[in-house]
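Asks: Structure provided below as structure tokens; questions to follow.
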Amino acid sequence: MSGQVSYETEVKAGAAKVWELYGTTKMALLAKEALPDTIIGLDILEGQGAVGTIIKITLAGGFSYKEKFTKVDHENRVKETEAIEGGFLNMGLSLYRLRLEVIGKDENSCMIKSTIEYEIANGASFDVSLISVKLFADIAEVVKKQLTTLAGAN
């Protein structure tokens, strides 16, 4: 069985500005700083934000996994990561993919869309209610706040 969940929010900043965070590891580092009670550990194990970058993420409660950047499309502003170890993979998923899209609306606004795609391994039992975009919605709100604060300072 496979499925997906997603979250969208509008940001009052140009897509290029938002992509400066989302298209690199800056978003993850900003999220760790802004959400220390949720993201208790974030280690960049390999790479600097391009395809092949591997990050280890530890969430509150000890939930830990490694993800690999599998797509970083600067032209279309799309980044995809896949869990490669731990986390939901240890609980019965064969695929846990995150797609982040920054969709330009006009010069001063864009949409951030976060989509989680998942597949349950053959014969595995998995509670799909565990899959949530809440963390990525919270990160989008952090980015909105950061960019709004920066815009107000200029």
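Going by the structure tokens order, chains are called A, B, ..., each with residues numbered from 1, while ligands are numbered from 1 in the order shown.
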Could you list, with a cut-off of 8 Å and counting only C-alpha atoms, the residues of stretch 64-91 of chain A near stretch 53-59 of chain A, each shown with its nearest atom pair and the distance in Å rounded to one decimal, rows sorted by chain and ascending number, as JSON lines?

Replies:
{"residue": "A:Ser64", "atom": "CA", "partner": "A:Thr58", "partner_atom": "CA", "distance": 4.2}
{"residue": "A:Tyr65", "atom": "CA", "partner": "A:Ile57", "partner_atom": "CA", "distance": 5.6}
{"residue": "A:Lys66", "atom": "CA", "partner": "A:Lys56", "partner_atom": "CA", "distance": 4.3}
{"residue": "A:Glu67", "atom": "CA", "partner": "A:Ile55", "partner_atom": "CA", "distance": 5.4}
{"residue": "A:Lys68", "atom": "CA", "partner": "A:Ile54", "partner_atom": "CA", "distance": 4.4}
{"residue": "A:Phe69", "atom": "CA", "partner": "A:Thr53", "partner_atom": "CA", "distance": 5.3}

Asks: Where in stretch 4-154 of chain A does DSSP assign strand (DSSP E or B), given as a ChimeraX atom specification?

Replies: /A:4-11,39-46,54-59,64-73,78-86,93-106,109-120

Asks: For the selection just defined, write its residues with C-alpha atoms to a file, as a PDB file, in the first residue's frame.

Replies:
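Saved to out20.pdb:
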ATOM      1  CA  GLN A   4       0.811  10.592   0.495  1.00  0.00           C
ATOM      2  CA  VAL A   5       0.043  13.558   2.720  1.00  0.00           C
ATOM      3  CA  SER A   6       0.806  17.185   1.978  1.00  0.00           C
ATOM      4  CA  TYR A   7       0.707  20.702   3.362  1.00  0.00           C
ATOM      5  CA  GLU A   8       0.731  24.049   1.550  1.00  0.00           C
ATOM      6  CA  THR A   9       1.177  27.560   2.824  1.00  0.00           C
ATOM      7  CA  GLU A  10       1.624  30.949   1.227  1.00  0.00           C
ATOM      8  CA  VAL A  11       4.693  33.032   1.991  1.00  0.00           C
ATOM      9  CA  ILE A  39      14.432  18.523  16.457  1.00  0.00           C
ATOM     10  CA  ILE A  40      16.956  17.572  19.100  1.00  0.00           C
ATOM     11  CA  GLY A  41      19.712  16.533  16.730  1.00  0.00           C
ATOM     12  CA  LEU A  42      20.681  17.282  13.161  1.00  0.00           C
ATOM     13  CA  ASP A  43      23.979  16.174  11.717  1.00  0.00           C
ATOM     14  CA  ILE A  44      25.094  16.672   8.127  1.00  0.00           C
ATOM     15  CA  LEU A  45      26.990  13.436   7.582  1.00  0.00           C
ATOM     16  CA  GLU A  46      27.927  13.891   3.950  1.00  0.00           C
ATOM     17  CA  ILE A  54      23.035  12.685   3.876  1.00  0.00           C
ATOM     18  CA  ILE A  55      21.573  14.082   7.085  1.00  0.00           C
ATOM     19  CA  LYS A  56      20.842  12.322  10.370  1.00  0.00           C
ATOM     20  CA  ILE A  57      17.824  13.727  12.166  1.00  0.00           C
ATOM     21  CA  THR A  58      16.836  12.957  15.750  1.00  0.00           C
ATOM     22  CA  LEU A  59      13.428  14.080  16.930  1.00  0.00           C
ATOM     23  CA  SER A  64      15.988   8.977  14.533  1.00  0.00           C
ATOM     24  CA  TYR A  65      16.611   8.435  10.845  1.00  0.00           C
ATOM     25  CA  LYS A  66      18.998   9.242   8.028  1.00  0.00           C
ATOM     26  CA  GLU A  67      17.818  10.868   4.845  1.00  0.00           C
ATOM     27  CA  LYS A  68      19.519  11.398   1.516  1.00  0.00           C
ATOM     28  CA  PHE A  69      18.906  14.269  -0.887  1.00  0.00           C
ATOM     29  CA  THR A  70      17.817  12.498  -4.083  1.00  0.00           C
ATOM     30  CA  LYS A  71      16.734  15.533  -6.118  1.00  0.00           C
ATOM     31  CA  VAL A  72      17.682  19.196  -5.935  1.00  0.00           C
ATOM     32  CA  ASP A  73      16.182  21.008  -8.924  1.00  0.00           C
ATOM     33  CA  VAL A  78      11.967  21.117  -6.025  1.00  0.00           C
ATOM     34  CA  LYS A  79      13.933  19.095  -3.483  1.00  0.00           C
ATOM     35  CA  GLU A  80      13.337  15.455  -2.614  1.00  0.00           C
ATOM     36  CA  THR A  81      14.814  13.428   0.190  1.00  0.00           C
ATOM     37  CA  GLU A  82      14.377   9.759   1.016  1.00  0.00           C
ATOM     38  CA  ALA A  83      14.850   7.996   4.321  1.00  0.00           C
ATOM     39  CA  ILE A  84      17.721   5.551   3.944  1.00  0.00           C
ATOM     40  CA  GLU A  85      18.047   4.213   7.493  1.00  0.00           C
ATOM     41  CA  GLY A  86      16.043   4.035  10.710  1.00  0.00           C
ATOM     42  CA  LEU A  93       7.807   1.275   5.423  1.00  0.00           C
ATOM     43  CA  SER A  94       9.806   0.502   2.304  1.00  0.00           C
ATOM     44  CA  LEU A  95       9.715   4.156   1.151  1.00  0.00           C
ATOM     45  CA  TYR A  96       9.516   7.471   2.984  1.00  0.00           C
ATOM     46  CA  ARG A  97      10.079  10.366   0.590  1.00  0.00           C
ATOM     47  CA  LEU A  98       9.725  14.073   1.280  1.00  0.00           C
ATOM     48  CA  ARG A  99       9.168  16.479  -1.621  1.00  0.00           C
ATOM     49  CA  LEU A 100       9.551  20.197  -0.955  1.00  0.00           C
ATOM     50  CA  GLU A 101       8.355  22.603  -3.637  1.00  0.00           C
ATOM     51  CA  VAL A 102       8.577  26.385  -3.757  1.00  0.00           C
ATOM     52  CA  ILE A 103       5.992  27.592  -6.253  1.00  0.00           C
ATOM     53  CA  GLY A 104       6.188  31.219  -7.367  1.00  0.00           C
ATOM     54  CA  LYS A 105       2.945  33.189  -7.479  1.00  0.00           C
ATOM     55  CA  ASP A 106       4.283  36.672  -8.168  1.00  0.00           C
ATOM     56  CA  SER A 109       4.778  35.736  -2.823  1.00  0.00           C
ATOM     57  CA  CYS A 110       5.005  32.005  -3.296  1.00  0.00           C
ATOM     58  CA  MET A 111       3.636  28.714  -2.001  1.00  0.00           C
ATOM     59  CA  ILE A 112       5.609  26.169  -0.022  1.00  0.00           C
ATOM     60  CA  LYS A 113       4.298  22.666  -0.588  1.00  0.00           C
ATOM     61  CA  SER A 114       5.556  19.756   1.513  1.00  0.00           C
ATOM     62  CA  THR A 115       4.514  16.251   0.453  1.00  0.00           C
ATOM     63  CA  ILE A 116       5.336  12.952   2.115  1.00  0.00           C
ATOM     64  CA  GLU A 117       5.048   9.853  -0.061  1.00  0.00           C
ATOM     65  CA  TYR A 118       5.233   6.442   1.575  1.00  0.00           C
ATOM     66  CA  GLU A 119       4.964   2.755   0.765  1.00  0.00           C
ATOM     67  CA  ILE A 120       4.350  -0.042   3.224  1.00  0.00           C
TER      68      ILE A 120
END

Asks: Mind the document's chain letters and residue numbers, and return as a list in words the residues of stretch 26-60 of chain A that DSSP labels helix (DSSP H, G or I).

Replies: Lys26, Met27, Ala28, Leu29, Leu30, Ala31, Lys32, Glu33, Ala34 and Ala60 of chain A

Asks: What is the distance, in Å and to one decimal place, between atom CA of A:Lys12 and atom CA of A:Asn108?

Replies: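 Computed distance, atom CA of A:Lys12 to atom CA of A:Asn108, equals 5.8 Å.
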